[in-house]
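Note sheet for the following structure.
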Amino acid sequence: MAPLPISSIRVGKIDDVQELIKSKPNKVPERFIREEYERGVVLSSLKTHHLHHQIPVIDLSKLSKPYTDDFFFEILKLSQACEDWGFFQVINHGIEVEVVEDIEKVATEFFDMPLEEKKKYPMEPGTVQGYGQAFIFSEDQKLDWCNMFALGVHPPQIRNPKLWPSKPARFSENLDDYSKEIRKLCKRLLKYIAISLGLKEERFEEMFGEAVQAVRMNYYPPCSSPDLVLGLSPHSDGSALTVLQQSKNSCVGLQILKENTWVPVLPLPNALVINIGDTIEVLTNGKYKSVEHRAVTNREKERLTIVTFYAPNYEVEIEPMSELVDDETNPCKYRSYNHGEYSYHYVSNKLQGKKSLDFAKILN
Ligand code: OGA
Ligand code: NI
């Protein structure tokens, strides 16, 4: 995607959060302090506790034996997860522990490098690949308490080889190995999602063409005043599916908006967090929703996430699938559009809840 013209964007001074806490561990600059209404509260009451236990966990080993009772039970759980939560965790996903550990290792090493080294791969204003803060478009826009490193992975044309780091030594190799596995997982999940909707297994694969895959590593340093800042502003993902890996022993950081409450997602060992992106919401005419989420920080602990966005090829035209639209009972809620245009719209606006989907909504 062509980036925005750089000259037209003034983003002001963007402090590197890791450097900030090295020099002034207890200071939170004004530009990171969010308005009261933005910070919201996480209910620490029984209600939240109760909700925790309902964040669905899908056991992929049960889906490896097609058309058994276990299979259909798990598909049913999946459909409820997509409809009611837009989020679920997968266990027994079959990706080798080493692949998961290896990507985490090089990502950690990357963020631990001196700033001068990381700055060799800068995210220029208006672009979304490289090291820095994405989605910043003005000098007064608030900043997230996070350092990001993002790369286009597939198809090869979206790669910017200058941004693939030479250090840590095995970074590119590990990212390639990891991305291949995550790609297989996404294809598999989309098959199950198709089945859960009563569609033929290959429905999404056939429609998506050569799917676009990008990765973003988010590093959230500890913050002396976690209540004043956000790790990542509320947003929905523009993808079809997102796969989020949280570092081992990660503290809670990801929260999803459910019934007007920010519900924390509790990390499970060896699980991956999956969420429905805007594209699946449109394709299913809103049956499966892309749910708003954000990240918060912790006073003592750092947190690292490795996030893969999987989406149709930029050439693909997107509109609600005819099987899921009925003029009488379930009229079409979204217009048809080109996915590349949507991606461009998504990355050229700041993260603001589910606002990006206004692009496609048919307003009555
Ligand atoms: C994202 C995202 C949450 C997290 O990168 O889109 O929602 O916990 N990340 O890092
Ligand atoms: Ni997200």
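Going by the structure tokens order, chains are called A, B, ..., each with residues numbered from 1, while ligands are numbered from 1 in the order shown.
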
Looking only at alpha helix (DSSP H) from DSSP on the backbone, list the matching residues of range 139-268 of chain A as an mmCIF file with all heavy atoms, in the first residue's frame.
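That gives us result-v2.cif:
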```
data_model
loop_
_atom_site.group_PDB
_atom_site.id
_atom_site.type_symbol
_atom_site.label_atom_id
_atom_site.label_comp_id
_atom_site.auth_asym_id
_atom_site.auth_seq_id
_atom_site.Cartn_x
_atom_site.Cartn_y
_atom_site.Cartn_z
ATOM 1 N N PHE A 171 16.681 -13.396 13.650
ATOM 2 C CA PHE A 171 15.361 -12.752 13.641
ATOM 3 C C PHE A 171 14.529 -13.144 12.402
ATOM 4 O O PHE A 171 13.414 -13.650 12.510
ATOM 5 C CB PHE A 171 15.518 -11.222 13.718
ATOM 6 C CG PHE A 171 14.205 -10.499 13.856
ATOM 7 C CD1 PHE A 171 13.764 -10.064 15.091
ATOM 8 C CD2 PHE A 171 13.388 -10.262 12.743
ATOM 9 C CE1 PHE A 171 12.544 -9.405 15.230
ATOM 10 C CE2 PHE A 171 12.166 -9.622 12.874
ATOM 11 C CZ PHE A 171 11.743 -9.190 14.114
ATOM 12 N N SER A 172 15.098 -12.925 11.214
ATOM 13 C CA SER A 172 14.326 -13.137 9.978
ATOM 14 C C SER A 172 13.948 -14.606 9.809
ATOM 15 O O SER A 172 12.813 -14.939 9.445
ATOM 16 C CB SER A 172 15.126 -12.687 8.764
ATOM 17 O OG SER A 172 15.452 -11.329 8.910
ATOM 18 N N GLU A 173 14.910 -15.467 10.096
ATOM 19 C CA GLU A 173 14.684 -16.902 9.962
ATOM 20 C C GLU A 173 13.549 -17.358 10.905
ATOM 21 O O GLU A 173 12.623 -18.054 10.487
ATOM 22 C CB GLU A 173 15.982 -17.589 10.349
ATOM 23 C CG GLU A 173 16.172 -18.958 9.843
ATOM 24 C CD GLU A 173 17.554 -19.468 10.275
ATOM 25 O OE1 GLU A 173 18.467 -18.627 10.520
ATOM 26 O OE2 GLU A 173 17.706 -20.691 10.391
ATOM 27 N N ASN A 174 13.638 -16.920 12.153
ATOM 28 C CA ASN A 174 12.607 -17.317 13.120
ATOM 29 C C ASN A 174 11.244 -16.736 12.760
ATOM 30 O O ASN A 174 10.217 -17.397 12.914
ATOM 31 C CB ASN A 174 12.990 -16.865 14.539
ATOM 32 C CG ASN A 174 14.151 -17.674 15.096
ATOM 33 O OD1 ASN A 174 14.684 -18.549 14.417
ATOM 34 N ND2 ASN A 174 14.545 -17.383 16.321
ATOM 35 N N LEU A 175 11.258 -15.498 12.258
ATOM 36 C CA LEU A 175 9.974 -14.885 11.905
ATOM 37 C C LEU A 175 9.356 -15.623 10.718
ATOM 38 O O LEU A 175 8.142 -15.851 10.682
ATOM 39 C CB LEU A 175 10.145 -13.387 11.595
ATOM 40 C CG LEU A 175 8.851 -12.665 11.205
ATOM 41 C CD1 LEU A 175 7.760 -12.829 12.263
ATOM 42 C CD2 LEU A 175 9.104 -11.178 10.963
ATOM 43 N N ASP A 176 10.195 -16.025 9.759
ATOM 44 C CA ASP A 176 9.671 -16.779 8.622
ATOM 45 C C ASP A 176 9.074 -18.120 9.069
ATOM 46 O O ASP A 176 7.983 -18.491 8.648
ATOM 47 C CB ASP A 176 10.778 -17.026 7.591
ATOM 48 C CG ASP A 176 10.876 -15.877 6.599
ATOM 49 O OD1 ASP A 176 9.845 -15.238 6.340
ATOM 50 O OD2 ASP A 176 11.986 -15.626 6.096
ATOM 51 N N ASP A 177 9.808 -18.823 9.930
ATOM 52 C CA ASP A 177 9.313 -20.126 10.410
ATOM 53 C C ASP A 177 7.999 -19.944 11.163
ATOM 54 O O ASP A 177 7.037 -20.681 10.971
ATOM 55 C CB ASP A 177 10.328 -20.778 11.372
ATOM 56 C CG ASP A 177 11.587 -21.219 10.635
ATOM 57 O OD1 ASP A 177 11.549 -21.252 9.384
ATOM 58 O OD2 ASP A 177 12.596 -21.503 11.306
ATOM 59 N N TYR A 178 7.977 -18.955 12.025
ATOM 60 C CA TYR A 178 6.786 -18.693 12.839
ATOM 61 C C TYR A 178 5.593 -18.321 11.935
ATOM 62 O O TYR A 178 4.493 -18.847 12.090
ATOM 63 C CB TYR A 178 7.102 -17.540 13.793
ATOM 64 C CG TYR A 178 5.952 -17.110 14.678
ATOM 65 C CD1 TYR A 178 5.560 -17.876 15.765
ATOM 66 C CD2 TYR A 178 5.279 -15.909 14.440
ATOM 67 C CE1 TYR A 178 4.514 -17.471 16.591
ATOM 68 C CE2 TYR A 178 4.247 -15.495 15.260
ATOM 69 C CZ TYR A 178 3.866 -16.279 16.342
ATOM 70 O OH TYR A 178 2.834 -15.878 17.154
ATOM 71 N N SER A 179 5.856 -17.450 10.976
ATOM 72 C CA SER A 179 4.763 -16.956 10.127
ATOM 73 C C SER A 179 4.144 -18.068 9.294
ATOM 74 O O SER A 179 2.935 -18.076 9.046
ATOM 75 C CB SER A 179 5.272 -15.842 9.210
ATOM 76 O OG SER A 179 5.695 -14.760 10.006
ATOM 77 N N LYS A 180 4.978 -19.016 8.860
ATOM 78 C CA LYS A 180 4.442 -20.153 8.091
ATOM 79 C C LYS A 180 3.468 -20.948 8.946
ATOM 80 O O LYS A 180 2.409 -21.380 8.473
ATOM 81 C CB LYS A 180 5.581 -21.059 7.622
ATOM 82 C CG LYS A 180 6.203 -20.549 6.353
ATOM 83 C CD LYS A 180 7.244 -21.538 5.811
ATOM 84 C CE LYS A 180 8.173 -20.795 4.868
ATOM 85 N NZ LYS A 180 9.586 -20.970 5.163
ATOM 86 N N GLU A 181 3.838 -21.171 10.186
ATOM 87 C CA GLU A 181 2.975 -21.946 11.091
ATOM 88 C C GLU A 181 1.679 -21.194 11.384
ATOM 89 O O GLU A 181 0.595 -21.772 11.394
ATOM 90 C CB GLU A 181 3.709 -22.246 12.405
ATOM 91 C CG GLU A 181 4.863 -23.208 12.261
ATOM 92 C CD GLU A 181 4.420 -24.561 11.698
ATOM 93 O OE1 GLU A 181 3.405 -25.096 12.156
ATOM 94 O OE2 GLU A 181 5.111 -25.070 10.789
ATOM 95 N N ILE A 182 1.809 -19.894 11.617
ATOM 96 C CA ILE A 182 0.611 -19.095 11.934
ATOM 97 C C ILE A 182 -0.311 -19.026 10.709
ATOM 98 O O ILE A 182 -1.531 -19.038 10.836
ATOM 99 C CB ILE A 182 1.002 -17.671 12.409
ATOM 100 C CG1 ILE A 182 1.813 -17.761 13.705
ATOM 101 C CG2 ILE A 182 -0.223 -16.787 12.601
ATOM 102 C CD1 ILE A 182 1.058 -18.175 14.948
ATOM 103 N N ARG A 183 0.289 -18.996 9.530
ATOM 104 C CA ARG A 183 -0.513 -18.962 8.306
ATOM 105 C C ARG A 183 -1.353 -20.243 8.189
ATOM 106 O O ARG A 183 -2.526 -20.220 7.867
ATOM 107 C CB ARG A 183 0.425 -18.814 7.101
ATOM 108 C CG ARG A 183 -0.270 -18.413 5.829
ATOM 109 C CD ARG A 183 0.737 -18.043 4.769
ATOM 110 N NE ARG A 183 0.052 -17.665 3.538
ATOM 111 C CZ ARG A 183 -0.378 -16.446 3.285
ATOM 112 N NH1 ARG A 183 -0.212 -15.481 4.150
ATOM 113 N NH2 ARG A 183 -1.007 -16.178 2.153
ATOM 114 N N LYS A 184 -0.699 -21.371 8.475
ATOM 115 C CA LYS A 184 -1.429 -22.652 8.427
ATOM 116 C C LYS A 184 -2.563 -22.641 9.448
ATOM 117 O O LYS A 184 -3.672 -23.100 9.170
ATOM 118 C CB LYS A 184 -0.478 -23.820 8.734
ATOM 119 C CG LYS A 184 0.328 -24.273 7.537
ATOM 120 C CD LYS A 184 1.023 -25.611 7.848
ATOM 121 C CE LYS A 184 2.488 -25.406 8.089
ATOM 122 N NZ LYS A 184 3.235 -26.472 8.673
ATOM 123 N N LEU A 185 -2.262 -22.105 10.627
ATOM 124 C CA LEU A 185 -3.287 -22.046 11.678
ATOM 125 C C LEU A 185 -4.472 -21.179 11.228
ATOM 126 O O LEU A 185 -5.634 -21.549 11.426
ATOM 127 C CB LEU A 185 -2.670 -21.474 12.965
ATOM 128 C CG LEU A 185 -3.653 -21.264 14.121
ATOM 129 C CD1 LEU A 185 -4.205 -22.597 14.639
ATOM 130 C CD2 LEU A 185 -3.000 -20.487 15.272
ATOM 131 N N CYS A 186 -4.188 -20.045 10.605
ATOM 132 C CA CYS A 186 -5.268 -19.157 10.158
ATOM 133 C C CYS A 186 -6.140 -19.851 9.115
ATOM 134 O O CYS A 186 -7.368 -19.760 9.153
ATOM 135 C CB CYS A 186 -4.704 -17.861 9.577
ATOM 136 S SG CYS A 186 -4.014 -16.796 10.841
ATOM 137 N N LYS A 187 -5.497 -20.552 8.190
ATOM 138 C CA LYS A 187 -6.265 -21.259 7.157
ATOM 139 C C LYS A 187 -7.155 -22.314 7.800
ATOM 140 O O LYS A 187 -8.308 -22.506 7.413
ATOM 141 C CB LYS A 187 -5.330 -21.906 6.126
ATOM 142 C CG LYS A 187 -4.670 -20.886 5.201
ATOM 143 C CD LYS A 187 -3.728 -21.574 4.219
ATOM 144 C CE LYS A 187 -2.850 -20.601 3.467
ATOM 145 N NZ LYS A 187 -3.545 -19.744 2.505
ATOM 146 N N ARG A 188 -6.594 -22.989 8.780
ATOM 147 C CA ARG A 188 -7.344 -24.027 9.477
ATOM 148 C C ARG A 188 -8.535 -23.410 10.226
ATOM 149 O O ARG A 188 -9.659 -23.894 10.133
ATOM 150 C CB ARG A 188 -6.391 -24.675 10.479
ATOM 151 C CG ARG A 188 -6.597 -26.122 10.710
ATOM 152 C CD ARG A 188 -5.527 -26.635 11.651
ATOM 153 N NE ARG A 188 -6.135 -27.567 12.574
ATOM 154 C CZ ARG A 188 -5.596 -27.931 13.724
ATOM 155 N NH1 ARG A 188 -4.438 -27.423 14.112
ATOM 156 N NH2 ARG A 188 -6.202 -28.792 14.492
ATOM 157 N N LEU A 189 -8.265 -22.320 10.927
ATOM 158 C CA LEU A 189 -9.338 -21.683 11.687
ATOM 159 C C LEU A 189 -10.446 -21.176 10.773
ATOM 160 O O LEU A 189 -11.631 -21.273 11.092
ATOM 161 C CB LEU A 189 -8.787 -20.516 12.511
ATOM 162 C CG LEU A 189 -7.941 -20.903 13.720
ATOM 163 C CD1 LEU A 189 -7.231 -19.675 14.292
ATOM 164 C CD2 LEU A 189 -8.804 -21.562 14.800
ATOM 165 N N LEU A 190 -10.046 -20.660 9.607
ATOM 166 C CA LEU A 190 -11.066 -20.147 8.688
ATOM 167 C C LEU A 190 -11.942 -21.273 8.140
ATOM 168 O O LEU A 190 -13.119 -21.068 7.858
ATOM 169 C CB LEU A 190 -10.418 -19.350 7.549
ATOM 170 C CG LEU A 190 -9.962 -17.943 7.962
ATOM 171 C CD1 LEU A 190 -9.123 -17.303 6.875
ATOM 172 C CD2 LEU A 190 -11.148 -17.034 8.305
ATOM 173 N N LYS A 191 -11.353 -22.455 8.012
ATOM 174 C CA LYS A 191 -12.164 -23.622 7.604
ATOM 175 C C LYS A 191 -13.211 -23.909 8.666
ATOM 176 O O LYS A 191 -14.386 -24.116 8.372
ATOM 177 C CB LYS A 191 -11.274 -24.855 7.476
ATOM 178 C CG LYS A 191 -10.726 -25.036 6.117
ATOM 179 C CD LYS A 191 -9.996 -26.377 6.018
ATOM 180 C CE LYS A 191 -9.160 -26.341 4.757
ATOM 181 N NZ LYS A 191 -8.208 -27.396 4.647
ATOM 182 N N TYR A 192 -12.759 -23.945 9.920
ATOM 183 C CA TYR A 192 -13.693 -24.247 11.008
ATOM 184 C C TYR A 192 -14.753 -23.154 11.131
ATOM 185 O O TYR A 192 -15.919 -23.435 11.406
ATOM 186 C CB TYR A 192 -12.947 -24.391 12.339
ATOM 187 C CG TYR A 192 -11.909 -25.494 12.355
ATOM 188 C CD1 TYR A 192 -10.715 -25.327 13.045
ATOM 189 C CD2 TYR A 192 -12.131 -26.697 11.679
ATOM 190 C CE1 TYR A 192 -9.757 -26.335 13.073
ATOM 191 C CE2 TYR A 192 -11.167 -27.702 11.700
ATOM 192 C CZ TYR A 192 -9.988 -27.516 12.390
ATOM 193 O OH TYR A 192 -9.033 -28.501 12.403
ATOM 194 N N ILE A 193 -14.331 -21.924 10.922
ATOM 195 C CA ILE A 193 -15.296 -20.818 11.017
ATOM 196 C C ILE A 193 -16.341 -20.960 9.905
ATOM 197 O O ILE A 193 -17.534 -20.782 10.131
ATOM 198 C CB ILE A 193 -14.567 -19.455 10.973
ATOM 199 C CG1 ILE A 193 -13.801 -19.270 12.298
ATOM 200 C CG2 ILE A 193 -15.534 -18.299 10.748
ATOM 201 C CD1 ILE A 193 -12.959 -18.021 12.395
ATOM 202 N N ALA A 194 -15.872 -21.348 8.707
ATOM 203 C CA ALA A 194 -16.816 -21.566 7.598
ATOM 204 C C ALA A 194 -17.813 -22.668 7.976
ATOM 205 O O ALA A 194 -19.031 -22.501 7.825
ATOM 206 C CB ALA A 194 -16.059 -21.926 6.324
ATOM 207 N N ILE A 195 -17.297 -23.760 8.515
ATOM 208 C CA ILE A 195 -18.190 -24.867 8.911
ATOM 209 C C ILE A 195 -19.187 -24.380 9.970
ATOM 210 O O ILE A 195 -20.369 -24.685 9.910
ATOM 211 C CB ILE A 195 -17.369 -26.069 9.445
ATOM 212 C CG1 ILE A 195 -16.512 -26.658 8.331
ATOM 213 C CG2 ILE A 195 -18.291 -27.157 10.032
ATOM 214 C CD1 ILE A 195 -15.519 -27.729 8.789
ATOM 215 N N SER A 196 -18.695 -23.583 10.900
ATOM 216 C CA SER A 196 -19.583 -23.110 11.976
ATOM 217 C C SER A 196 -20.693 -22.219 11.436
ATOM 218 O O SER A 196 -21.718 -22.025 12.084
ATOM 219 C CB SER A 196 -18.773 -22.366 13.046
ATOM 220 O OG SER A 196 -18.495 -21.048 12.633
ATOM 221 N N ARG A 203 -14.669 -21.875 1.641
ATOM 222 C CA ARG A 203 -15.318 -20.613 1.260
ATOM 223 C C ARG A 203 -14.389 -19.400 1.400
ATOM 224 O O ARG A 203 -14.265 -18.593 0.480
ATOM 225 C CB ARG A 203 -16.577 -20.421 2.116
ATOM 226 C CG ARG A 203 -17.462 -19.243 1.732
ATOM 227 C CD ARG A 203 -18.163 -19.481 0.409
ATOM 228 N NE ARG A 203 -19.219 -18.511 0.170
ATOM 229 C CZ ARG A 203 -19.036 -17.337 -0.433
ATOM 230 N NH1 ARG A 203 -17.837 -16.991 -0.839
ATOM 231 N NH2 ARG A 203 -20.049 -16.513 -0.621
ATOM 232 N N PHE A 204 -13.730 -19.257 2.557
ATOM 233 C CA PHE A 204 -12.883 -18.073 2.770
ATOM 234 C C PHE A 204 -11.590 -18.160 1.950
ATOM 235 O O PHE A 204 -11.179 -17.198 1.327
ATOM 236 C CB PHE A 204 -12.551 -17.899 4.253
ATOM 237 C CG PHE A 204 -13.751 -17.557 5.091
ATOM 238 C CD1 PHE A 204 -14.285 -18.470 5.985
ATOM 239 C CD2 PHE A 204 -14.366 -16.319 4.962
ATOM 240 C CE1 PHE A 204 -15.412 -18.153 6.749
ATOM 241 C CE2 PHE A 204 -15.485 -15.986 5.723
ATOM 242 C CZ PHE A 204 -16.009 -16.912 6.612
ATOM 243 N N GLU A 205 -10.995 -19.336 1.976
ATOM 244 C CA GLU A 205 -9.745 -19.543 1.243
ATOM 245 C C GLU A 205 -9.919 -19.175 -0.231
ATOM 246 O O GLU A 205 -9.092 -18.475 -0.820
ATOM 247 C CB GLU A 205 -9.335 -21.002 1.374
ATOM 248 C CG GLU A 205 -8.096 -21.388 0.612
ATOM 249 C CD GLU A 205 -6.912 -21.547 1.528
ATOM 250 O OE1 GLU A 205 -6.966 -22.412 2.414
ATOM 251 O OE2 GLU A 205 -5.952 -20.797 1.355
ATOM 252 N N GLU A 206 -11.006 -19.635 -0.823
ATOM 253 C CA GLU A 206 -11.257 -19.340 -2.237
ATOM 254 C C GLU A 206 -11.448 -17.848 -2.467
ATOM 255 O O GLU A 206 -11.019 -17.295 -3.465
ATOM 256 C CB GLU A 206 -12.500 -20.104 -2.713
ATOM 257 C CG GLU A 206 -12.226 -21.562 -2.962
ATOM 258 C CD GLU A 206 -13.492 -22.376 -3.254
ATOM 259 O OE1 GLU A 206 -14.589 -21.782 -3.436
ATOM 260 O OE2 GLU A 206 -13.379 -23.615 -3.269
ATOM 261 N N MET A 207 -12.107 -17.203 -1.531
ATOM 262 C CA MET A 207 -12.391 -15.785 -1.697
ATOM 263 C C MET A 207 -11.144 -14.920 -1.478
ATOM 264 O O MET A 207 -10.944 -13.925 -2.157
ATOM 265 C CB MET A 207 -13.453 -15.393 -0.666
ATOM 266 C CG MET A 207 -13.924 -13.972 -0.757
ATOM 267 S SD MET A 207 -14.806 -13.492 0.748
ATOM 268 C CE MET A 207 -15.870 -14.861 1.065
ATOM 269 N N PHE A 208 -10.296 -15.312 -0.516
ATOM 270 C CA PHE A 208 -9.194 -14.442 -0.077
ATOM 271 C C PHE A 208 -8.042 -14.335 -1.070
ATOM 272 O O PHE A 208 -7.268 -13.401 -1.017
ATOM 273 C CB PHE A 208 -8.625 -14.923 1.273
ATOM 274 C CG PHE A 208 -9.470 -14.558 2.459
ATOM 275 C CD1 PHE A 208 -10.785 -14.136 2.307
ATOM 276 C CD2 PHE A 208 -8.957 -14.643 3.742
ATOM 277 C CE1 PHE A 208 -11.578 -13.803 3.404
ATOM 278 C CE2 PHE A 208 -9.727 -14.298 4.850
ATOM 279 C CZ PHE A 208 -11.036 -13.891 4.680
#
```

Go through chain A residue by residue and, counting only C-alpha atoms and all ligand atoms, keep those with an atom at most 7 Å from ligand 1; for each kept residue give the shortest atom pair and its distance in Å to one decimal, ordered by chain and increasing number, as a Markdown table.
```
| residue | atom | partner | partner_atom_place_in_ligand_line | distance |
| --- | --- | --- | --- | --- |
| A:Arg216 | CA | ligand 1 | 5 (O) | 6.2 |
| A:Asn218 | CA | ligand 1 | 10 (O) | 5.5 |
| A:Leu232 | CA | ligand 1 | 3 (C) | 6.8 |
| A:Asp237 | CA | ligand 1 | 6 (O) | 5.8 |
| A:Gly253 | CA | ligand 1 | 8 (O) | 5.6 |
| A:Leu254 | CA | ligand 1 | 8 (O) | 4.2 |
| A:His293 | CA | ligand 1 | 7 (O) | 6.1 |
| A:Arg294 | CA | ligand 1 | 7 (O) | 5.8 |
| A:Ala295 | CA | ligand 1 | 8 (O) | 4.9 |
| A:Thr305 | CA | ligand 1 | 10 (O) | 4.9 |
| A:Val307 | CA | ligand 1 | 5 (O) | 5.5 |
```

Next, dump the selected residues to file, keeping only all heavy atoms, as a PDB file, in the first residue's frame.
```pdb
ATOM      1  N   ARG A 216       3.011  -7.617  14.056  1.00  0.00           N
ATOM      2  CA  ARG A 216       3.394  -6.462  14.879  1.00  0.00           C
ATOM      3  C   ARG A 216       3.803  -6.978  16.250  1.00  0.00           C
ATOM      4  O   ARG A 216       3.068  -7.746  16.861  1.00  0.00           O
ATOM      5  CB  ARG A 216       2.252  -5.471  14.995  1.00  0.00           C
ATOM      6  CG  ARG A 216       2.672  -4.219  15.773  1.00  0.00           C
ATOM      7  CD  ARG A 216       1.772  -3.049  15.562  1.00  0.00           C
ATOM      8  NE  ARG A 216       0.484  -3.270  16.172  1.00  0.00           N
ATOM      9  CZ  ARG A 216      -0.667  -2.898  15.654  1.00  0.00           C
ATOM     10  NH1 ARG A 216      -0.702  -2.310  14.489  1.00  0.00           N
ATOM     11  NH2 ARG A 216      -1.790  -3.111  16.287  1.00  0.00           N
ATOM     12  N   ASN A 218       4.531  -5.897  19.957  1.00  0.00           N
ATOM     13  CA  ASN A 218       4.247  -4.778  20.863  1.00  0.00           C
ATOM     14  C   ASN A 218       4.986  -5.019  22.163  1.00  0.00           C
ATOM     15  O   ASN A 218       4.824  -6.066  22.788  1.00  0.00           O
ATOM     16  CB  ASN A 218       2.747  -4.706  21.182  1.00  0.00           C
ATOM     17  CG  ASN A 218       1.881  -4.562  19.942  1.00  0.00           C
ATOM     18  OD1 ASN A 218       2.084  -3.669  19.129  1.00  0.00           O
ATOM     19  ND2 ASN A 218       0.905  -5.452  19.790  1.00  0.00           N
ATOM     20  N   LEU A 232      -2.159   0.355  24.605  1.00  0.00           N
ATOM     21  CA  LEU A 232      -2.599   0.434  23.206  1.00  0.00           C
ATOM     22  C   LEU A 232      -4.040   0.939  23.203  1.00  0.00           C
ATOM     23  O   LEU A 232      -4.891   0.405  23.927  1.00  0.00           O
ATOM     24  CB  LEU A 232      -2.496  -0.952  22.556  1.00  0.00           C
ATOM     25  CG  LEU A 232      -2.755  -1.064  21.062  1.00  0.00           C
ATOM     26  CD1 LEU A 232      -1.771  -0.217  20.255  1.00  0.00           C
ATOM     27  CD2 LEU A 232      -2.656  -2.526  20.591  1.00  0.00           C
ATOM     28  N   ASP A 237      -9.567  -4.785  14.989  1.00  0.00           N
ATOM     29  CA  ASP A 237      -8.521  -5.053  13.994  1.00  0.00           C
ATOM     30  C   ASP A 237      -9.119  -5.046  12.584  1.00  0.00           C
ATOM     31  O   ASP A 237     -10.227  -5.546  12.376  1.00  0.00           O
ATOM     32  CB  ASP A 237      -7.850  -6.406  14.281  1.00  0.00           C
ATOM     33  CG  ASP A 237      -7.098  -6.404  15.611  1.00  0.00           C
ATOM     34  OD1 ASP A 237      -6.831  -5.314  16.159  1.00  0.00           O
ATOM     35  OD2 ASP A 237      -6.780  -7.499  16.111  1.00  0.00           O
ATOM     36  N   GLY A 253      -2.889  -7.983  30.267  1.00  0.00           N
ATOM     37  CA  GLY A 253      -2.686  -6.688  29.630  1.00  0.00           C
ATOM     38  C   GLY A 253      -3.781  -6.405  28.616  1.00  0.00           C
ATOM     39  O   GLY A 253      -4.269  -5.280  28.479  1.00  0.00           O
ATOM     40  N   LEU A 254      -4.193  -7.454  27.916  1.00  0.00           N
ATOM     41  CA  LEU A 254      -5.230  -7.294  26.898  1.00  0.00           C
ATOM     42  C   LEU A 254      -6.604  -7.262  27.558  1.00  0.00           C
ATOM     43  O   LEU A 254      -6.902  -8.074  28.446  1.00  0.00           O
ATOM     44  CB  LEU A 254      -5.130  -8.481  25.926  1.00  0.00           C
ATOM     45  CG  LEU A 254      -6.201  -8.602  24.849  1.00  0.00           C
ATOM     46  CD1 LEU A 254      -6.160  -7.420  23.888  1.00  0.00           C
ATOM     47  CD2 LEU A 254      -6.009  -9.901  24.056  1.00  0.00           C
ATOM     48  N   HIS A 293     -10.950  -3.750  21.546  1.00  0.00           N
ATOM     49  CA  HIS A 293     -10.032  -4.176  22.604  1.00  0.00           C
ATOM     50  C   HIS A 293      -8.926  -3.156  22.775  1.00  0.00           C
ATOM     51  O   HIS A 293      -8.757  -2.248  21.951  1.00  0.00           O
ATOM     52  CB  HIS A 293      -9.472  -5.572  22.291  1.00  0.00           C
ATOM     53  CG  HIS A 293      -8.833  -5.694  20.939  1.00  0.00           C
ATOM     54  ND1 HIS A 293      -9.557  -5.806  19.769  1.00  0.00           N
ATOM     55  CD2 HIS A 293      -7.532  -5.702  20.562  1.00  0.00           C
ATOM     56  CE1 HIS A 293      -8.728  -5.897  18.740  1.00  0.00           C
ATOM     57  NE2 HIS A 293      -7.486  -5.823  19.197  1.00  0.00           N
ATOM     58  N   ARG A 294      -8.159  -3.281  23.841  1.00  0.00           N
ATOM     59  CA  ARG A 294      -7.069  -2.351  24.137  1.00  0.00           C
ATOM     60  C   ARG A 294      -6.036  -3.087  24.998  1.00  0.00           C
ATOM     61  O   ARG A 294      -6.295  -4.210  25.439  1.00  0.00           O
ATOM     62  CB  ARG A 294      -7.603  -1.126  24.886  1.00  0.00           C
ATOM     63  CG  ARG A 294      -8.103  -1.468  26.270  1.00  0.00           C
ATOM     64  CD  ARG A 294      -8.626  -0.245  27.027  1.00  0.00           C
ATOM     65  NE  ARG A 294      -8.843  -0.566  28.431  1.00  0.00           N
ATOM     66  CZ  ARG A 294      -9.291   0.309  29.326  1.00  0.00           C
ATOM     67  NH1 ARG A 294      -9.584   1.537  28.961  1.00  0.00           N
ATOM     68  NH2 ARG A 294      -9.435  -0.052  30.583  1.00  0.00           N
ATOM     69  N   ALA A 295      -4.912  -2.434  25.249  1.00  0.00           N
ATOM     70  CA  ALA A 295      -3.948  -3.039  26.181  1.00  0.00           C
ATOM     71  C   ALA A 295      -3.659  -2.038  27.293  1.00  0.00           C
ATOM     72  O   ALA A 295      -3.603  -0.824  27.051  1.00  0.00           O
ATOM     73  CB  ALA A 295      -2.669  -3.417  25.451  1.00  0.00           C
ATOM     74  N   THR A 305       3.923  -8.775  23.208  1.00  0.00           N
ATOM     75  CA  THR A 305       2.988  -9.580  22.421  1.00  0.00           C
ATOM     76  C   THR A 305       3.458  -9.614  20.965  1.00  0.00           C
ATOM     77  O   THR A 305       4.066  -8.657  20.473  1.00  0.00           O
ATOM     78  CB  THR A 305       1.541  -9.032  22.477  1.00  0.00           C
ATOM     79  OG1 THR A 305       1.524  -7.688  21.991  1.00  0.00           O
ATOM     80  CG2 THR A 305       0.984  -9.055  23.889  1.00  0.00           C
ATOM     81  N   VAL A 307       1.824 -10.203  17.339  1.00  0.00           N
ATOM     82  CA  VAL A 307       0.462 -10.196  16.805  1.00  0.00           C
ATOM     83  C   VAL A 307       0.504 -10.361  15.288  1.00  0.00           C
ATOM     84  O   VAL A 307       1.194  -9.608  14.595  1.00  0.00           O
ATOM     85  CB  VAL A 307      -0.237  -8.867  17.174  1.00  0.00           C
ATOM     86  CG1 VAL A 307      -1.694  -8.895  16.765  1.00  0.00           C
ATOM     87  CG2 VAL A 307      -0.124  -8.590  18.669  1.00  0.00           C
TER      88      VAL A 307
END
```

Surroundings of ligand 2 up to 10 Å, based on only C-alpha atoms and all ligand atoms, as number ranges by chain: A: 216, 232-239, 242-244, 254, 256, 275-277, 290-295, 307-309, 351

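On the backbone of this structure, DSSP gives strand (DSSP E or B) within range 4-118 of chain A to Val57, Ile58, Asp59, Phe87, Phe88, Gln89, Val90 and Ile91 of chain A.
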